[in-house]
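The data block below is run_27.cif; it holds mmCIF, N, CA and C atoms.
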data_input
loop_
_atom_site.group_PDB
_atom_site.id
_atom_site.type_symbol
_atom_site.label_atom_id
_atom_site.label_comp_id
_atom_site.auth_asym_id
_atom_site.auth_seq_id
_atom_site.Cartn_x
_atom_site.Cartn_y
_atom_site.Cartn_z
ATOM 1 N N GLY U 1 -4.945 -4.837 0.613
ATOM 2 C CA GLY U 1 -5.266 -4.643 1.989
ATOM 3 C C GLY U 1 -6.745 -4.300 2.162
ATOM 4 N N ASP U 2 -7.007 -3.514 3.171
ATOM 5 C CA ASP U 2 -8.382 -3.134 3.472
ATOM 6 C C ASP U 2 -9.045 -2.393 2.318
ATOM 7 N N THR U 3 -8.298 -1.516 1.646
ATOM 8 C CA THR U 3 -8.891 -0.740 0.559
ATOM 9 C C THR U 3 -9.369 -1.641 -0.569
ATOM 10 N N ALA U 4 -8.576 -2.613 -0.966
ATOM 11 C CA ALA U 4 -8.984 -3.542 -2.029
ATOM 12 C C ALA U 4 -10.222 -4.326 -1.610
ATOM 13 N N CYS U 5 -10.264 -4.750 -0.362
ATOM 14 C CA CYS U 5 -11.425 -5.502 0.131
ATOM 15 C C CYS U 5 -12.666 -4.624 0.170
ATOM 16 N N GLU U 6 -12.509 -3.382 0.623
ATOM 17 C CA GLU U 6 -13.639 -2.452 0.664
ATOM 18 C C GLU U 6 -14.197 -2.225 -0.732
ATOM 19 N N GLU U 7 -13.319 -2.036 -1.701
ATOM 20 C CA GLU U 7 -13.767 -1.805 -3.077
ATOM 21 C C GLU U 7 -14.426 -3.046 -3.661
ATOM 22 N N ALA U 8 -13.916 -4.219 -3.338
ATOM 23 C CA ALA U 8 -14.537 -5.460 -3.816
ATOM 24 C C ALA U 8 -15.952 -5.590 -3.270
ATOM 25 N N VAL U 9 -16.138 -5.271 -1.991
ATOM 26 C CA VAL U 9 -17.476 -5.330 -1.385
ATOM 27 C C VAL U 9 -18.390 -4.307 -2.045
ATOM 28 N N TYR U 10 -17.882 -3.103 -2.288
ATOM 29 C CA TYR U 10 -18.675 -2.072 -2.962
ATOM 30 C C TYR U 10 -19.099 -2.540 -4.353
ATOM 31 N N LEU U 11 -18.147 -3.033 -5.135
ATOM 32 C CA LEU U 11 -18.451 -3.490 -6.495
ATOM 33 C C LEU U 11 -19.398 -4.677 -6.496
ATOM 34 N N ALA U 12 -19.307 -5.518 -5.481
ATOM 35 C CA ALA U 12 -20.191 -6.684 -5.391
ATOM 36 C C ALA U 12 -21.646 -6.269 -5.209
ATOM 37 N N GLY U 13 -21.868 -5.060 -4.732
ATOM 38 C CA GLY U 13 -23.222 -4.533 -4.634
ATOM 39 C C GLY U 13 -23.764 -4.060 -5.964
ATOM 40 N N LEU U 14 -22.882 -3.886 -6.943
ATOM 41 C CA LEU U 14 -23.269 -3.397 -8.269
ATOM 42 C C LEU U 14 -23.215 -4.476 -9.341
ATOM 43 N N ALA U 15 -22.395 -5.492 -9.128
ATOM 44 C CA ALA U 15 -22.158 -6.521 -10.143
ATOM 45 C C ALA U 15 -22.598 -7.892 -9.633
ATOM 46 N N LYS U 16 -22.841 -8.785 -10.582
ATOM 47 C CA LYS U 16 -23.220 -10.152 -10.217
ATOM 48 C C LYS U 16 -22.040 -10.933 -9.665
ATOM 49 N N GLN U 17 -20.830 -10.634 -10.161
ATOM 50 C CA GLN U 17 -19.631 -11.369 -9.732
ATOM 51 C C GLN U 17 -18.439 -10.426 -9.729
ATOM 52 N N VAL U 18 -17.645 -10.484 -8.675
ATOM 53 C CA VAL U 18 -16.417 -9.700 -8.560
ATOM 54 C C VAL U 18 -15.278 -10.678 -8.286
ATOM 55 N N TYR U 19 -14.190 -10.513 -9.007
ATOM 56 C CA TYR U 19 -12.996 -11.328 -8.793
ATOM 57 C C TYR U 19 -11.932 -10.445 -8.159
ATOM 58 N N LEU U 20 -11.454 -10.851 -7.000
ATOM 59 C CA LEU U 20 -10.383 -10.143 -6.316
ATOM 60 C C LEU U 20 -9.103 -10.933 -6.558
ATOM 61 N N ILE U 21 -8.181 -10.342 -7.299
ATOM 62 C CA ILE U 21 -6.927 -11.001 -7.664
ATOM 63 C C ILE U 21 -5.879 -10.648 -6.608
ATOM 64 N N VAL U 22 -5.323 -11.667 -5.970
ATOM 65 C CA VAL U 22 -4.352 -11.467 -4.895
ATOM 66 C C VAL U 22 -3.059 -12.182 -5.282
ATOM 67 N N ARG U 23 -1.957 -11.446 -5.327
ATOM 68 C CA ARG U 23 -0.685 -12.053 -5.722
ATOM 69 C C ARG U 23 -0.130 -13.001 -4.673
ATOM 70 N N LYS U 24 -0.419 -12.749 -3.442
ATOM 71 C CA LYS U 24 0.113 -13.570 -2.344
ATOM 72 C C LYS U 24 -0.871 -14.686 -1.985
ATOM 73 N N PRO U 25 -0.469 -15.624 -1.130
ATOM 74 C CA PRO U 25 -1.381 -16.702 -0.718
ATOM 75 C C PRO U 25 -2.303 -16.294 0.433
ATOM 76 N N PHE U 26 -2.345 -14.993 0.737
ATOM 77 C CA PHE U 26 -3.177 -14.498 1.836
ATOM 78 C C PHE U 26 -3.581 -13.055 1.551
ATOM 79 N N LEU U 27 -4.641 -12.602 2.218
ATOM 80 C CA LEU U 27 -5.071 -11.211 2.123
ATOM 81 C C LEU U 27 -4.341 -10.389 3.176
ATOM 82 N N ARG U 28 -3.885 -9.212 2.784
ATOM 83 C CA ARG U 28 -3.253 -8.306 3.736
ATOM 84 C C ARG U 28 -4.287 -7.268 4.156
ATOM 85 N N ALA U 29 -5.297 -7.712 4.860
ATOM 86 C CA ALA U 29 -6.375 -6.845 5.325
ATOM 87 C C ALA U 29 -6.727 -7.246 6.751
ATOM 88 N N SER U 30 -7.491 -6.389 7.410
ATOM 89 C CA SER U 30 -7.926 -6.714 8.768
ATOM 90 C C SER U 30 -8.782 -7.973 8.743
ATOM 91 N N LYS U 31 -8.839 -8.646 9.860
ATOM 92 C CA LYS U 31 -9.622 -9.890 9.954
ATOM 93 C C LYS U 31 -11.087 -9.637 9.610
ATOM 94 N N ILE U 32 -11.617 -8.498 10.010
ATOM 95 C CA ILE U 32 -13.020 -8.172 9.721
ATOM 96 C C ILE U 32 -13.239 -8.050 8.220
ATOM 97 N N MET U 33 -12.330 -7.342 7.526
ATOM 98 C CA MET U 33 -12.483 -7.175 6.073
ATOM 99 C C MET U 33 -12.258 -8.496 5.353
ATOM 100 N N GLN U 34 -11.317 -9.295 5.826
ATOM 101 C CA GLN U 34 -11.098 -10.612 5.222
ATOM 102 C C GLN U 34 -12.367 -11.446 5.308
ATOM 103 N N ALA U 35 -12.986 -11.460 6.471
ATOM 104 C CA ALA U 35 -14.214 -12.247 6.654
ATOM 105 C C ALA U 35 -15.335 -11.725 5.771
ATOM 106 N N ARG U 36 -15.451 -10.404 5.663
ATOM 107 C CA ARG U 36 -16.506 -9.813 4.839
ATOM 108 C C ARG U 36 -16.349 -10.239 3.377
ATOM 109 N N VAL U 37 -15.115 -10.224 2.887
ATOM 110 C CA VAL U 37 -14.859 -10.607 1.492
ATOM 111 C C VAL U 37 -15.051 -12.110 1.296
ATOM 112 N N MET U 38 -14.460 -12.905 2.166
ATOM 113 C CA MET U 38 -14.505 -14.359 1.992
ATOM 114 C C MET U 38 -15.920 -14.925 2.125
ATOM 115 N N ASN U 39 -16.789 -14.238 2.865
ATOM 116 C CA ASN U 39 -18.157 -14.713 3.069
ATOM 117 C C ASN U 39 -19.169 -14.084 2.124
ATOM 118 N N HIS U 40 -18.720 -13.181 1.261
ATOM 119 C CA HIS U 40 -19.644 -12.513 0.337
ATOM 120 C C HIS U 40 -19.931 -13.441 -0.840
ATOM 121 N N PRO U 41 -21.200 -13.679 -1.143
ATOM 122 C CA PRO U 41 -21.531 -14.626 -2.222
ATOM 123 C C PRO U 41 -21.150 -14.144 -3.621
ATOM 124 N N ASN U 42 -20.955 -12.842 -3.812
ATOM 125 C CA ASN U 42 -20.640 -12.306 -5.142
ATOM 126 C C ASN U 42 -19.146 -12.086 -5.362
ATOM 127 N N ILE U 43 -18.319 -12.412 -4.376
ATOM 128 C CA ILE U 43 -16.878 -12.171 -4.498
ATOM 129 C C ILE U 43 -16.138 -13.504 -4.521
ATOM 130 N N LYS U 44 -15.313 -13.654 -5.543
ATOM 131 C CA LYS U 44 -14.433 -14.824 -5.634
ATOM 132 C C LYS U 44 -12.996 -14.318 -5.538
ATOM 133 N N VAL U 45 -12.245 -14.862 -4.597
ATOM 134 C CA VAL U 45 -10.854 -14.455 -4.397
ATOM 135 C C VAL U 45 -9.948 -15.470 -5.082
ATOM 136 N N LEU U 46 -9.057 -14.971 -5.925
ATOM 137 C CA LEU U 46 -8.086 -15.814 -6.620
ATOM 138 C C LEU U 46 -6.706 -15.504 -6.040
ATOM 139 N N PHE U 47 -6.243 -16.381 -5.157
ATOM 140 C CA PHE U 47 -4.945 -16.195 -4.519
ATOM 141 C C PHE U 47 -3.830 -16.641 -5.460
ATOM 142 N N GLU U 48 -2.663 -16.017 -5.300
ATOM 143 C CA GLU U 48 -1.443 -16.359 -6.036
ATOM 144 C C GLU U 48 -1.638 -16.302 -7.552
ATOM 145 N N HIS U 49 -2.216 -15.206 -8.022
ATOM 146 C CA HIS U 49 -2.400 -14.969 -9.453
ATOM 147 C C HIS U 49 -1.831 -13.599 -9.811
ATOM 148 N N ASN U 50 -1.359 -13.475 -11.033
ATOM 149 C CA ASN U 50 -0.920 -12.204 -11.599
ATOM 150 C C ASN U 50 -1.772 -11.886 -12.815
ATOM 151 N N ALA U 51 -2.139 -10.625 -12.955
ATOM 152 C CA ALA U 51 -2.794 -10.162 -14.174
ATOM 153 C C ALA U 51 -1.684 -9.807 -15.160
ATOM 154 N N VAL U 52 -1.681 -10.458 -16.322
ATOM 155 C CA VAL U 52 -0.605 -10.229 -17.290
ATOM 156 C C VAL U 52 -1.093 -9.571 -18.573
ATOM 157 N N GLY U 53 -2.383 -9.381 -18.714
ATOM 158 C CA GLY U 53 -2.875 -8.725 -19.915
ATOM 159 C C GLY U 53 -4.368 -8.481 -19.853
ATOM 160 N N LEU U 54 -4.793 -7.517 -20.654
ATOM 161 C CA LEU U 54 -6.206 -7.193 -20.804
ATOM 162 C C LEU U 54 -6.586 -7.415 -22.251
ATOM 163 N N TYR U 55 -7.853 -7.744 -22.491
ATOM 164 C CA TYR U 55 -8.294 -7.860 -23.870
ATOM 165 C C TYR U 55 -9.717 -7.355 -24.015
ATOM 166 N N GLY U 56 -10.050 -6.990 -25.259
ATOM 167 C CA GLY U 56 -11.377 -6.489 -25.574
ATOM 168 C C GLY U 56 -11.318 -5.593 -26.791
ATOM 169 N N GLU U 57 -12.419 -5.473 -27.481
ATOM 170 C CA GLU U 57 -12.488 -4.662 -28.695
ATOM 171 C C GLU U 57 -12.705 -3.180 -28.384
ATOM 172 N N ASN U 58 -13.775 -2.862 -27.672
ATOM 173 C CA ASN U 58 -14.133 -1.467 -27.400
ATOM 174 C C ASN U 58 -14.074 -1.153 -25.910
ATOM 175 N N GLY U 59 -13.198 -1.782 -25.225
ATOM 176 C CA GLY U 59 -13.053 -1.630 -23.782
ATOM 177 C C GLY U 59 -12.564 -2.943 -23.209
ATOM 178 N N VAL U 60 -12.389 -2.983 -21.929
ATOM 179 C CA VAL U 60 -11.904 -4.205 -21.289
ATOM 180 C C VAL U 60 -13.035 -5.220 -21.212
ATOM 181 N N GLU U 61 -12.797 -6.370 -21.806
ATOM 182 C CA GLU U 61 -13.768 -7.467 -21.774
ATOM 183 C C GLU U 61 -13.254 -8.644 -20.957
ATOM 184 N N GLY U 62 -11.952 -8.665 -20.700
ATOM 185 C CA GLY U 62 -11.391 -9.773 -19.947
ATOM 186 C C GLY U 62 -9.974 -9.488 -19.508
ATOM 187 N N VAL U 63 -9.500 -10.327 -18.618
ATOM 188 C CA VAL U 63 -8.151 -10.210 -18.074
ATOM 189 C C VAL U 63 -7.473 -11.565 -18.190
ATOM 190 N N HIS U 64 -6.232 -11.560 -18.645
ATOM 191 C CA HIS U 64 -5.441 -12.789 -18.717
ATOM 192 C C HIS U 64 -4.704 -12.938 -17.390
ATOM 193 N N LEU U 65 -5.008 -14.012 -16.670
ATOM 194 C CA LEU U 65 -4.386 -14.282 -15.379
ATOM 195 C C LEU U 65 -3.451 -15.474 -15.477
ATOM 196 N N VAL U 66 -2.394 -15.432 -14.684
ATOM 197 C CA VAL U 66 -1.448 -16.542 -14.610
ATOM 198 C C VAL U 66 -1.274 -16.903 -13.141
ATOM 199 N N LYS U 67 -1.375 -18.192 -12.849
ATOM 200 C CA LYS U 67 -1.154 -18.687 -11.484
ATOM 201 C C LYS U 67 0.330 -18.594 -11.169
ATOM 202 N N ARG U 68 0.662 -18.007 -10.038
ATOM 203 C CA ARG U 68 2.066 -17.865 -9.628
ATOM 204 C C ARG U 68 2.637 -19.217 -9.231
ATOM 205 N N GLN U 69 3.911 -19.414 -9.513
ATOM 206 C CA GLN U 69 4.574 -20.686 -9.232
ATOM 207 C C GLN U 69 5.713 -20.475 -8.236
ATOM 208 N N GLY U 70 5.390 -20.142 -6.995
ATOM 209 C CA GLY U 70 6.404 -20.014 -5.945
ATOM 210 C C GLY U 70 7.431 -18.939 -6.182
ATOM 211 N N GLU U 71 7.009 -17.810 -6.717
ATOM 212 C CA GLU U 71 7.942 -16.703 -6.986
ATOM 213 C C GLU U 71 8.337 -15.994 -5.712
#

Represent the structure of the file as structure tokens.
Amino acid sequence: GDTACEEAVYLAGLAKQVYLIVRKPFLRASKIMQARVMNHPNIKVLFEHNAVGLYGENGVEGVHLVKRQGE
């Protein structure tokens, strides 16, 4: 919802790229927050994905994502 979008915008000010993983085919946020996220050049929204694992040696280096299939 709005909190996830707010945090994505905040992180986008600190990082070169932010990925917002959304399990549903839509954002559950206010129209203003949706527009802010969708129009931000540093935020990429991945709809209908699940995070199924993390990997890395000395911390998180990546996330294993799976595209949802009409669940």

Residues of chain U in helix (DSSP H, G or I), written as a PyMOL selection string: chain U and resi 2-12+31-38

Any chance you could export the current selection's N, CA and C atoms as a compact mmCIF listing (two decimals), in the frame of the given file?
# COMPACT_ATOMS: atom_id res chain seq x y z
N ASP U 2 -7.01 -3.51 3.17
CA ASP U 2 -8.38 -3.13 3.47
C ASP U 2 -9.04 -2.39 2.32
N THR U 3 -8.30 -1.52 1.65
CA THR U 3 -8.89 -0.74 0.56
C THR U 3 -9.37 -1.64 -0.57
N ALA U 4 -8.58 -2.61 -0.97
CA ALA U 4 -8.98 -3.54 -2.03
C ALA U 4 -10.22 -4.33 -1.61
N CYS U 5 -10.26 -4.75 -0.36
CA CYS U 5 -11.42 -5.50 0.13
C CYS U 5 -12.67 -4.62 0.17
N GLU U 6 -12.51 -3.38 0.62
CA GLU U 6 -13.64 -2.45 0.66
C GLU U 6 -14.20 -2.22 -0.73
N GLU U 7 -13.32 -2.04 -1.70
CA GLU U 7 -13.77 -1.80 -3.08
C GLU U 7 -14.43 -3.05 -3.66
N ALA U 8 -13.92 -4.22 -3.34
CA ALA U 8 -14.54 -5.46 -3.82
C ALA U 8 -15.95 -5.59 -3.27
N VAL U 9 -16.14 -5.27 -1.99
CA VAL U 9 -17.48 -5.33 -1.38
C VAL U 9 -18.39 -4.31 -2.04
N TYR U 10 -17.88 -3.10 -2.29
CA TYR U 10 -18.68 -2.07 -2.96
C TYR U 10 -19.10 -2.54 -4.35
N LEU U 11 -18.15 -3.03 -5.14
CA LEU U 11 -18.45 -3.49 -6.50
C LEU U 11 -19.40 -4.68 -6.50
N ALA U 12 -19.31 -5.52 -5.48
CA ALA U 12 -20.19 -6.68 -5.39
C ALA U 12 -21.65 -6.27 -5.21
N LYS U 31 -8.84 -8.65 9.86
CA LYS U 31 -9.62 -9.89 9.95
C LYS U 31 -11.09 -9.64 9.61
N ILE U 32 -11.62 -8.50 10.01
CA ILE U 32 -13.02 -8.17 9.72
C ILE U 32 -13.24 -8.05 8.22
N MET U 33 -12.33 -7.34 7.53
CA MET U 33 -12.48 -7.18 6.07
C MET U 33 -12.26 -8.50 5.35
N GLN U 34 -11.32 -9.30 5.83
CA GLN U 34 -11.10 -10.61 5.22
C GLN U 34 -12.37 -11.45 5.31
N ALA U 35 -12.99 -11.46 6.47
CA ALA U 35 -14.21 -12.25 6.65
C ALA U 35 -15.34 -11.72 5.77
N ARG U 36 -15.45 -10.40 5.66
CA ARG U 36 -16.51 -9.81 4.84
C ARG U 36 -16.35 -10.24 3.38
N VAL U 37 -15.12 -10.22 2.89
CA VAL U 37 -14.86 -10.61 1.49
C VAL U 37 -15.05 -12.11 1.30
N MET U 38 -14.46 -12.90 2.17
CA MET U 38 -14.50 -14.36 1.99
C MET U 38 -15.92 -14.92 2.12

Selected residue of minimal separation from U:Tyr19 among U:Ile32, U:Val37, U:Val45, U:Cys5, counting all atoms listed in the file: U:Val45

Long-range neighbours of U:Glu6 as a PyMOL selection string, 10 Å cut-off, only C-alpha atoms, 6 positions minimum in chain: chain U and resi 12+29+33-34+36-37

Interatomic distance, atom N of U:Arg23 to atom CA of U:Gln69 (Å, one decimal): 12.0 Å

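Every protein, DNA or RNA residue with an atom at most 8 Å from U:Thr3, where all atoms listed in the file count and chain neighbours fewer than 4 positions away do not, is listed here: Glu7, Ala8, Val9, Arg28, Ala29 and Ser30 of chain U.
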
Selection: 10 Å around U:Val63, only C-alpha atoms, excl. self and same-chain fewer than 3 positions, as a ChimeraX atom specification: /U:50-56,60,66

Kindly export the residues of the current selection with N, CA and C atoms, as a PDB file, keeping the file's coordinate frame.
ATOM      1  N   ASN U  50      -1.359 -13.475 -11.033  1.00  0.00           N
ATOM      2  CA  ASN U  50      -0.920 -12.204 -11.599  1.00  0.00           C
ATOM      3  C   ASN U  50      -1.772 -11.886 -12.815  1.00  0.00           C
ATOM      4  N   ALA U  51      -2.139 -10.625 -12.955  1.00  0.00           N
ATOM      5  CA  ALA U  51      -2.794 -10.162 -14.174  1.00  0.00           C
ATOM      6  C   ALA U  51      -1.684  -9.807 -15.160  1.00  0.00           C
ATOM      7  N   VAL U  52      -1.681 -10.458 -16.322  1.00  0.00           N
ATOM      8  CA  VAL U  52      -0.605 -10.229 -17.290  1.00  0.00           C
ATOM      9  C   VAL U  52      -1.093  -9.571 -18.573  1.00  0.00           C
ATOM     10  N   GLY U  53      -2.383  -9.381 -18.714  1.00  0.00           N
ATOM     11  CA  GLY U  53      -2.875  -8.725 -19.915  1.00  0.00           C
ATOM     12  C   GLY U  53      -4.368  -8.481 -19.853  1.00  0.00           C
ATOM     13  N   LEU U  54      -4.793  -7.517 -20.654  1.00  0.00           N
ATOM     14  CA  LEU U  54      -6.206  -7.193 -20.804  1.00  0.00           C
ATOM     15  C   LEU U  54      -6.586  -7.415 -22.251  1.00  0.00           C
ATOM     16  N   TYR U  55      -7.853  -7.744 -22.491  1.00  0.00           N
ATOM     17  CA  TYR U  55      -8.294  -7.860 -23.870  1.00  0.00           C
ATOM     18  C   TYR U  55      -9.717  -7.355 -24.015  1.00  0.00           C
ATOM     19  N   GLY U  56     -10.050  -6.990 -25.259  1.00  0.00           N
ATOM     20  CA  GLY U  56     -11.377  -6.489 -25.574  1.00  0.00           C
ATOM     21  C   GLY U  56     -11.318  -5.593 -26.791  1.00  0.00           C
ATOM     22  N   VAL U  60     -12.389  -2.983 -21.929  1.00  0.00           N
ATOM     23  CA  VAL U  60     -11.904  -4.205 -21.289  1.00  0.00           C
ATOM     24  C   VAL U  60     -13.035  -5.220 -21.212  1.00  0.00           C
ATOM     25  N   VAL U  66      -2.394 -15.432 -14.684  1.00  0.00           N
ATOM     26  CA  VAL U  66      -1.448 -16.542 -14.610  1.00  0.00           C
ATOM     27  C   VAL U  66      -1.274 -16.903 -13.141  1.00  0.00           C
TER      28      VAL U  66
END

Do you know which residues are at most 8 Å from U:Pro25 counting all atoms listed in the file, after dropping those on the same chain fewer than 5 positions away, and could you put them as a tab-separated table (two decimals) with N, CA and C atoms, in the frame of the given file?
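So part-v7.tsv came out as:
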chain	number	residue	atom	x	y	z
U	46	LEU	N	-9.06	-14.97	-5.92
U	46	LEU	CA	-8.09	-15.81	-6.62
U	46	LEU	C	-6.71	-15.50	-6.04
U	47	PHE	N	-6.24	-16.38	-5.16
U	47	PHE	CA	-4.94	-16.20	-4.52
U	47	PHE	C	-3.83	-16.64	-5.46
U	48	GLU	N	-2.66	-16.02	-5.30
U	48	GLU	CA	-1.44	-16.36	-6.04
U	48	GLU	C	-1.64	-16.30	-7.55
U	49	HIS	N	-2.22	-15.21	-8.02
U	49	HIS	CA	-2.40	-14.97	-9.45
U	49	HIS	C	-1.83	-13.60	-9.81

Atom pair atom N of U:Lys31 / atom C of U:Leu14: separation (Å):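 Distance reported for this atom pair: 24.3 Å.
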
Residues of chain U in strand (DSSP E or B), written as a ChimeraX atom specification: /U:18-22,43-47,49-55,62-67

Atomic separation - atom CA of U:Met38 relative to atom CA of U:Gln17, Å: 13.1 Å

Enclosing box along x, y and z for every listed atom of stretch 64-69 of chain U, padded 4 Å each side, centre and size in Å, one decimal, as JSON:
{"center_x": -0.3, "center_y": -16.1, "center_z": -13.5, "size_x": 19.9, "size_y": 17.1, "size_z": 18.5}

Nearest-residue call for U:Pro41, choices U:Ala4, U:Phe26, U:Lys16, U:Tyr10, using only C-alpha atoms: U:Lys16

For U:His64, the nearest of the candidates U:Gly1, U:Ile21, U:Ile43, U:Ala15, counting only C-alpha atoms: U:Ile21
